[in-house]
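Structure file structure.cif (mmCIF, C-alpha atoms) is printed below.
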data_upload
#
loop_
_atom_site.label_atom_id
_atom_site.label_comp_id
_atom_site.auth_asym_id
_atom_site.auth_seq_id
_atom_site.Cartn_x
_atom_site.Cartn_y
_atom_site.Cartn_z
CA MET X 1087 0.00 0.00 0.00
CA PRO X 1088 1.60 3.34 -1.04
CA PRO X 1089 2.26 5.97 1.68
CA LEU X 1090 -0.33 8.42 0.28
CA THR X 1091 -3.02 5.73 0.55
CA ARG X 1092 -2.07 5.05 4.16
CA TRP X 1093 -2.41 8.74 4.96
CA PHE X 1094 -5.74 9.01 3.17
CA LEU X 1095 -7.16 5.93 4.90
CA ARG X 1096 -5.95 6.72 8.41
CA THR X 1097 -7.12 10.32 8.16
CA ALA X 1098 -10.48 9.07 6.83
CA LEU X 1099 -10.82 6.82 9.89
CA ALA X 1100 -10.05 9.75 12.19
CA TRP X 1101 -12.70 11.90 10.43
CA LEU X 1102 -15.18 9.04 10.75
CA VAL X 1103 -14.80 9.03 14.54
CA LEU X 1104 -15.05 12.84 14.67
CA ALA X 1105 -18.15 12.76 12.45
CA MET X 1106 -19.82 10.23 14.73
CA LEU X 1107 -19.04 12.42 17.73
CA ALA X 1108 -20.49 15.47 15.93
CA GLY X 1109 -23.57 13.37 15.15
CA VAL X 1110 -24.00 12.70 18.85
CA ALA X 1111 -23.36 16.34 19.81
CA ILE X 1112 -26.18 17.65 17.63
CA THR X 1113 -28.65 15.34 19.34
CA VAL X 1114 -27.86 16.73 22.81
CA PRO X 1115 -30.14 19.74 23.47
CA THR X 1116 -27.84 21.18 26.12
CA PHE X 1117 -24.87 21.23 23.71
CA GLY X 1118 -24.84 24.86 22.61
CA SER X 1119 -27.56 27.04 21.15
CA GLU X 1120 -30.05 26.23 18.40
CA VAL X 1121 -27.98 28.33 16.03
CA LEU X 1122 -24.93 26.21 16.79
CA HIS X 1123 -26.92 23.02 16.27
CA ALA X 1124 -28.15 24.27 12.89
CA ALA X 1125 -24.59 25.14 11.85
CA LEU X 1126 -23.26 21.77 12.98
CA GLN X 1127 -25.77 19.84 10.85
CA PRO X 1128 -24.01 20.50 7.50
CA VAL X 1129 -20.62 20.15 9.20
CA TRP X 1130 -21.57 16.66 10.37
CA VAL X 1131 -22.77 15.64 6.89
CA HIS X 1132 -19.55 16.90 5.30
CA LEU X 1133 -17.29 15.27 7.89
CA LEU X 1134 -18.89 12.01 6.79
CA MET X 1135 -19.13 12.62 3.03
CA VAL X 1136 -15.84 14.46 2.51
CA GLY X 1137 -13.70 13.35 5.45
CA TRP X 1138 -14.73 9.70 5.45
CA VAL X 1139 -16.38 8.60 2.17
CA THR X 1140 -14.54 10.74 -0.38
CA GLN X 1141 -11.19 10.46 1.35
CA MET X 1142 -11.54 6.67 1.61
CA ILE X 1143 -12.36 6.54 -2.11
CA PHE X 1144 -9.34 8.72 -2.93
CA GLY X 1145 -7.03 6.48 -0.91
CA VAL X 1146 -8.28 3.20 -2.34
CA ALA X 1147 -8.38 4.53 -5.91
CA TRP X 1148 -4.77 5.76 -5.61
CA TRP X 1149 -3.79 2.27 -4.47
CA MET X 1150 -5.95 0.04 -6.68
CA PHE X 1151 -6.57 1.77 -10.01
CA PRO X 1152 -4.55 0.34 -12.91
CA ARG X 1153 -1.06 1.75 -13.34
CA PRO X 1154 -0.27 2.10 -17.04
CA ALA X 1155 2.80 0.34 -18.39
CA PRO X 1156 5.68 0.77 -18.76
CA ALA X 1157 6.19 3.19 -15.87
CA ARG X 1158 3.63 1.53 -13.53
CA SER X 1159 3.57 4.85 -11.69
CA PHE X 1160 0.87 5.74 -9.18
CA GLY X 1161 0.69 9.16 -10.79
CA ASN X 1162 1.91 12.65 -10.09
CA PRO X 1163 2.83 12.62 -6.37
CA VAL X 1164 2.69 16.41 -6.10
CA LEU X 1165 -0.94 16.40 -7.25
CA GLY X 1166 -1.78 13.47 -4.97
CA TRP X 1167 -0.24 14.98 -1.85
CA SER X 1168 -1.68 18.40 -2.71
CA ALA X 1169 -5.14 16.83 -2.88
CA TYR X 1170 -4.59 15.22 0.52
CA ALA X 1171 -3.35 18.43 2.15
CA ALA X 1172 -5.99 20.70 0.59
CA LEU X 1173 -8.87 18.34 1.33
CA ASN X 1174 -8.01 18.00 5.00
CA ALA X 1175 -6.98 21.61 5.58
CA GLY X 1176 -10.20 22.73 3.88
CA LEU X 1177 -12.39 20.36 5.88
CA LEU X 1178 -10.74 21.28 9.18
CA LEU X 1179 -11.11 24.97 8.41
CA ARG X 1180 -14.78 24.43 7.58
CA ALA X 1181 -15.46 22.39 10.72
CA LEU X 1182 -14.01 25.22 12.81
CA SER X 1183 -15.23 28.28 10.95
CA GLU X 1184 -18.82 27.37 10.02
CA PRO X 1185 -20.08 27.06 13.62
CA VAL X 1186 -18.14 30.19 14.62
CA LEU X 1187 -19.61 32.14 11.70
CA ALA X 1188 -23.10 31.17 12.86
CA THR X 1189 -22.56 32.14 16.49
CA ALA X 1190 -20.06 35.02 16.29
CA PRO X 1191 -19.87 36.27 12.69
CA GLY X 1192 -16.97 38.42 11.56
CA PRO X 1193 -14.99 39.15 8.40
CA GLY X 1194 -12.07 36.96 9.46
CA VAL X 1195 -14.29 33.94 10.00
CA GLY X 1196 -16.05 34.58 6.70
CA ALA X 1197 -12.71 34.64 4.92
CA ALA X 1198 -11.72 31.37 6.61
CA LEU X 1199 -14.96 29.73 5.43
CA ALA X 1200 -14.39 30.96 1.89
CA ALA X 1201 -10.81 29.65 2.03
CA SER X 1202 -12.06 26.27 3.24
CA ALA X 1203 -14.44 26.12 0.25
CA ALA X 1204 -11.64 26.95 -2.18
CA LEU X 1205 -9.28 24.39 -0.64
CA GLN X 1206 -11.79 21.54 -0.87
CA PHE X 1207 -12.61 22.43 -4.48
CA LEU X 1208 -8.92 22.54 -5.40
CA ALA X 1209 -8.42 19.18 -3.70
CA THR X 1210 -11.01 17.54 -5.94
CA LEU X 1211 -9.43 19.08 -9.04
CA ALA X 1212 -5.96 17.92 -8.00
CA PHE X 1213 -7.15 14.39 -7.29
CA ALA X 1214 -9.18 14.13 -10.50
CA ALA X 1215 -6.17 15.33 -12.51
CA SER X 1216 -3.84 12.86 -10.78
CA ILE X 1217 -6.07 9.79 -11.24
CA TRP X 1218 -7.42 10.62 -14.73
CA PRO X 1219 -4.55 8.97 -16.67
CA ARG X 1220 -5.15 5.75 -14.70
CA THR X 1221 -8.78 5.39 -15.83
CA ARG X 1222 -8.20 4.50 -19.46
CA GLY X 1223 -10.43 1.86 -21.04
CA THR X 1224 -8.69 -1.08 -22.69
CA MET I 1392 -10.32 -1.57 -16.95
CA PRO I 1393 -13.22 -2.07 -19.44
CA ARG I 1394 -14.22 0.91 -21.52
CA ALA I 1395 -17.59 1.33 -19.78
CA SER I 1396 -15.83 1.42 -16.40
CA ALA I 1397 -13.44 4.08 -17.63
CA TRP I 1398 -16.39 6.21 -18.80
CA LEU I 1399 -18.29 5.69 -15.55
CA VAL I 1400 -15.25 6.59 -13.43
CA ARG I 1401 -14.31 9.61 -15.54
CA THR I 1402 -17.88 10.92 -15.56
CA ALA I 1403 -17.92 10.41 -11.78
CA LEU I 1404 -14.74 12.51 -11.48
CA LEU I 1405 -16.36 15.26 -13.57
CA HIS I 1406 -19.40 15.20 -11.29
CA LEU I 1407 -17.10 15.40 -8.27
CA ALA I 1408 -15.39 18.50 -9.66
CA LEU I 1409 -18.71 20.10 -10.66
CA GLY I 1410 -20.43 19.21 -7.39
CA ALA I 1411 -17.49 20.39 -5.28
CA GLY I 1412 -17.30 23.62 -7.30
CA ILE I 1413 -20.98 24.39 -6.76
CA GLY I 1414 -20.65 23.40 -3.09
CA ALA I 1415 -17.64 25.67 -2.68
CA VAL I 1416 -19.49 28.68 -4.09
CA ALA I 1417 -22.52 27.86 -1.91
CA LEU I 1418 -20.33 27.54 1.18
CA ALA I 1419 -18.65 30.84 0.43
CA GLY I 1420 -22.16 32.23 -0.03
CA LYS I 1421 -22.74 31.73 3.70
CA ALA I 1422 -19.99 34.27 4.31
CA SER I 1423 -20.51 36.65 1.41
CA ALA I 1424 -23.80 38.25 0.35
CA ALA I 1425 -22.48 38.52 -3.21
CA LEU I 1426 -22.42 34.72 -3.45
CA ALA I 1427 -25.58 34.03 -1.46
CA PHE I 1428 -27.43 33.20 -4.71
CA ALA I 1429 -25.45 29.94 -4.82
CA LEU I 1430 -27.21 28.59 -1.75
CA ALA I 1431 -30.18 27.91 -4.06
CA LEU I 1432 -27.95 25.53 -6.06
CA ARG I 1433 -27.84 23.05 -3.17
CA PRO I 1434 -30.03 20.43 -4.98
CA VAL I 1435 -27.57 20.34 -7.90
CA HIS I 1436 -24.65 19.99 -5.46
CA VAL I 1437 -26.32 17.12 -3.58
CA GLU I 1438 -27.33 15.28 -6.77
CA CYS I 1439 -23.86 15.63 -8.32
CA ILE I 1440 -22.06 14.38 -5.22
CA LEU I 1441 -24.38 11.60 -4.04
CA ILE I 1442 -25.47 10.14 -7.38
CA GLY I 1443 -23.10 11.56 -9.99
CA TRP I 1444 -19.93 10.98 -7.97
CA THR I 1445 -20.40 8.34 -5.27
CA LEU I 1446 -22.94 6.04 -6.91
CA GLN I 1447 -21.48 6.35 -10.41
CA LEU I 1448 -17.97 5.57 -9.16
CA ALA I 1449 -19.33 2.46 -7.40
CA PHE I 1450 -20.99 1.38 -10.67
CA GLY I 1451 -17.74 1.85 -12.57
CA VAL I 1452 -15.60 -0.06 -10.11
CA ALA I 1453 -18.17 -2.84 -9.70
CA TYR I 1454 -18.42 -3.34 -13.47
CA TRP I 1455 -14.65 -3.61 -13.63
CA ILE I 1456 -14.04 -5.81 -10.60
CA LEU I 1457 -16.96 -8.20 -10.09
CA PRO I 1458 -16.21 -11.79 -11.13
CA ARG I 1459 -17.05 -12.61 -14.72
CA ARG I 1460 -18.33 -15.85 -16.15
CA PRO I 1461 -15.37 -17.91 -17.37
CA GLY I 1462 -15.15 -17.49 -21.11
CA GLY I 1463 -17.90 -14.85 -21.04
CA PRO I 1464 -17.64 -11.21 -22.07
CA ARG I 1465 -15.12 -9.21 -20.10
CA GLY I 1466 -17.54 -7.15 -18.05
CA GLY I 1467 -20.87 -8.86 -18.51
CA ASP I 1468 -23.77 -7.21 -20.30
CA ALA I 1469 -22.10 -4.06 -21.65
CA ALA I 1470 -25.21 -2.71 -23.43
CA ARG I 1471 -27.15 -2.70 -20.19
CA VAL I 1472 -24.35 -0.87 -18.37
CA TRP I 1473 -23.97 1.74 -21.12
CA THR I 1474 -27.72 2.37 -20.93
CA ALA I 1475 -27.47 2.66 -17.14
CA TRP I 1476 -24.65 5.20 -17.60
CA ALA I 1477 -26.77 7.32 -19.97
CA LEU I 1478 -29.87 7.15 -17.76
CA LEU I 1479 -27.94 7.89 -14.58
CA ASN I 1480 -26.38 11.03 -15.99
CA ALA I 1481 -29.64 12.18 -17.56
CA GLY I 1482 -31.22 11.55 -14.16
CA VAL I 1483 -28.62 13.61 -12.31
CA LEU I 1484 -29.18 16.46 -14.74
CA GLY I 1485 -32.97 16.24 -14.47
CA ALA I 1486 -33.17 15.77 -10.71
CA GLY I 1487 -30.46 18.34 -10.01
CA LEU I 1488 -31.99 21.07 -12.12
CA GLY I 1489 -35.49 19.92 -11.17
CA GLY I 1490 -34.70 20.65 -7.54
CA LEU I 1491 -34.15 24.35 -8.25
CA PRO I 1492 -36.92 26.68 -7.08
CA ALA I 1493 -38.02 27.77 -10.57
CA ALA I 1494 -38.05 24.29 -12.09
CA PRO I 1495 -41.26 22.51 -13.05
CA GLY I 1496 -42.25 19.63 -10.77
CA TRP I 1497 -42.05 17.01 -13.52
CA ALA I 1498 -38.31 17.62 -13.97
CA LEU I 1499 -37.39 16.33 -10.52
CA THR I 1500 -39.70 13.32 -10.83
CA SER I 1501 -38.51 12.38 -14.31
CA GLY I 1502 -34.87 12.74 -13.22
CA ARG I 1503 -35.45 10.44 -10.28
CA LEU I 1504 -37.28 7.95 -12.53
CA ALA I 1505 -34.28 7.88 -14.87
CA GLU I 1506 -32.05 7.19 -11.86
CA VAL I 1507 -34.33 4.33 -10.79
CA ALA I 1508 -34.16 2.84 -14.29
CA ALA I 1509 -30.35 3.11 -14.19
CA ALA I 1510 -30.23 1.39 -10.81
CA VAL I 1511 -32.50 -1.45 -12.01
CA LEU I 1512 -30.41 -1.96 -15.15
CA PHE I 1513 -27.16 -1.96 -13.21
CA ALA I 1514 -28.51 -4.24 -10.49
CA THR I 1515 -29.83 -6.79 -13.01
CA HIS I 1516 -26.47 -6.74 -14.77
CA ALA I 1517 -24.53 -7.17 -11.53
CA TRP I 1518 -26.80 -9.74 -9.86
CA PRO I 1519 -25.48 -12.86 -11.65
CA ARG I 1520 -21.90 -11.64 -11.22
CA VAL I 1521 -22.16 -11.59 -7.41
CA ARG I 1522 -20.84 -15.11 -7.02
CA SER I 1523 -17.57 -17.00 -6.99
CA TYR I 1524 -16.18 -19.53 -9.39
CA THR I 1525 -14.14 -22.56 -8.46
CA PRO I 1526 -10.62 -22.75 -9.87
CA ALA I 1527 -11.79 -25.61 -12.10
CA GLN I 1528 -14.63 -23.47 -13.48
CA ARG I 1529 -12.07 -20.81 -14.23
CA GLY I 1530 -9.86 -23.32 -15.97
CA VAL I 1531 -7.17 -22.97 -13.33
CA THR I 1532 -5.33 -26.01 -12.03
CA TRP I 1533 -5.02 -25.67 -8.28
CA PRO I 1534 -2.72 -26.35 -6.58
CA PRO I 1535 -0.29 -25.85 -9.43
CA ALA I 1536 1.65 -28.94 -10.38
CA ARG I 1537 5.19 -28.81 -9.05
CA PRO I 1538 7.96 -29.64 -11.44
CA SER I 1539 9.36 -32.96 -10.39
CA ALA I 1540 12.95 -33.07 -9.31
CA PRO I 1541 15.42 -34.85 -11.58
CA GLY I 1542 15.60 -38.49 -10.64
CA ALA I 1543 12.43 -38.40 -8.51
CA ARG I 1544 9.88 -41.10 -9.03
#
How does the structure come out when it is put into structure tokens?
Amino acid sequence: MPPLTRWFLRTALAWLVLAMLAGVAITVPTFGSEVLHAALQPVWVHLLMVGWVTQMIFGVAWWMFPRPAPARSFGNPVLGWSAYAALNAGLLLRALSEPVLATAPGPGVGAALAASAALQFLATLAFAASIWPRTRGT
Amino acid sequence: MPRASAWLVRTALLHLALGAGIGAVALAGKASAALAFALALRPVHVECILIGWTLQLAFGVAYWILPRRPGGPRGGDAARVWTAWALLNAGVLGAGLGGLPAAPGWALTSGRLAEVAAAVLFATHAWPRVRSYTPAQRGVTWPPARPSAPGAR
């Protein structure tokens, strides 16, 4: 298993646990205000769908998709590692800034949320570009 | 990887990029009034990510990797899978756009119906492939015969 896959999969497992905890937190009425609960709802969904599902797919695809001969390369490592870093930095920034924006809005928090959106989008572009050459039909 | 799998996976990657792009603008719209219009695009974002990306990728990988009948076609019933691919993507388009506030009600329903048809086609293609074959059925001799040592009886 290549190192990038190990990082994707282990980080995905960590996000899974955090997502489950967030899922519990939003069911506890005494955990913060209603506004915080409402802001945590999309965060919880995205911890699962981006942090767990998509990241697990990225890791397994990087490992298992066919590697074209003769190089048998996994692909461009810069793109792969950039996707990993941007995806997780973006998701972490979102998980922190979205609830703060809902409870204590400010321009700095808004900028952090916008940056988290851009990072996650760039991560998908980097991953798609890195895996594209390995999806050729034969 | 069979050609249909490559198309399914590549279309899934395009949906991922499109869905993440729309989601990014919508997320930024929570912080910026200038982008708040994008919050209305949430149905397109959800449809692209859940069906266009996740489900379509699973279809592509399953078509590639499920066991095939020994001596049979490489991926099974290709025509059925190509039809599922077309219906699934038409369905994502219809259901995604049909979820927008100004869209007519029939668009969402017809998109979802196309997705159902794609799921039925893919499931009926995959159903007989969810099984295992013995080495003999696959024409494999197991365990492999060991070359006998010189002089051995």
If we count all atoms listed in the file, which residues of chain I reach to within 12 Å of chain X? Please list them as an NGL selection string.
:I and (1392-1424 or 1426 or 1433 or 1437 or 1440-1441 or 1444-1446 or 1448-1449 or 1451-1452 or 1455-1456 or 1465-1466)
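From atom CA of I:Asn1480 back to atom CA of I:Ser1501, the distance works out to 12.3 Å.
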For the file shown, what are the residues hit by the PyMOL selection byres ((chain I and resi 1504) around 12), laid out as a compact mmCIF listing (two decimals) with C-alpha atoms, in the frame of the given file?
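Saved the output as part_5.txt:
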# COMPACT_ATOMS: atom_id res chain seq x y z
CA LEU I 1478 -29.87 7.15 -17.76
CA LEU I 1479 -27.94 7.89 -14.58
CA ASN I 1480 -26.38 11.03 -15.99
CA ALA I 1481 -29.64 12.18 -17.56
CA GLY I 1482 -31.22 11.55 -14.16
CA VAL I 1483 -28.62 13.61 -12.31
CA LEU I 1484 -29.18 16.46 -14.74
CA GLY I 1485 -32.97 16.24 -14.47
CA ALA I 1486 -33.17 15.77 -10.71
CA TRP I 1497 -42.05 17.01 -13.52
CA ALA I 1498 -38.31 17.62 -13.97
CA LEU I 1499 -37.39 16.33 -10.52
CA THR I 1500 -39.70 13.32 -10.83
CA SER I 1501 -38.51 12.38 -14.31
CA GLY I 1502 -34.87 12.74 -13.22
CA ARG I 1503 -35.45 10.44 -10.28
CA ALA I 1505 -34.28 7.88 -14.87
CA GLU I 1506 -32.05 7.19 -11.86
CA VAL I 1507 -34.33 4.33 -10.79
CA ALA I 1508 -34.16 2.84 -14.29
CA ALA I 1509 -30.35 3.11 -14.19
CA ALA I 1510 -30.23 1.39 -10.81
CA VAL I 1511 -32.50 -1.45 -12.01
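Between atom CA of I:Trp1473 and atom CA of I:Arg1459 lies a distance of 17.2 Å.
The interatomic distance for the pair atom CA of I:Ala1431 and atom CA of I:Leu1491 works out to 6.8 Å.
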Nearest to X:Leu1177 by atom-to-atom distance, counting all atoms listed in the file, from X:Leu1126, X:Ala1105, X:Leu1133, X:Leu1090
X:Leu1133
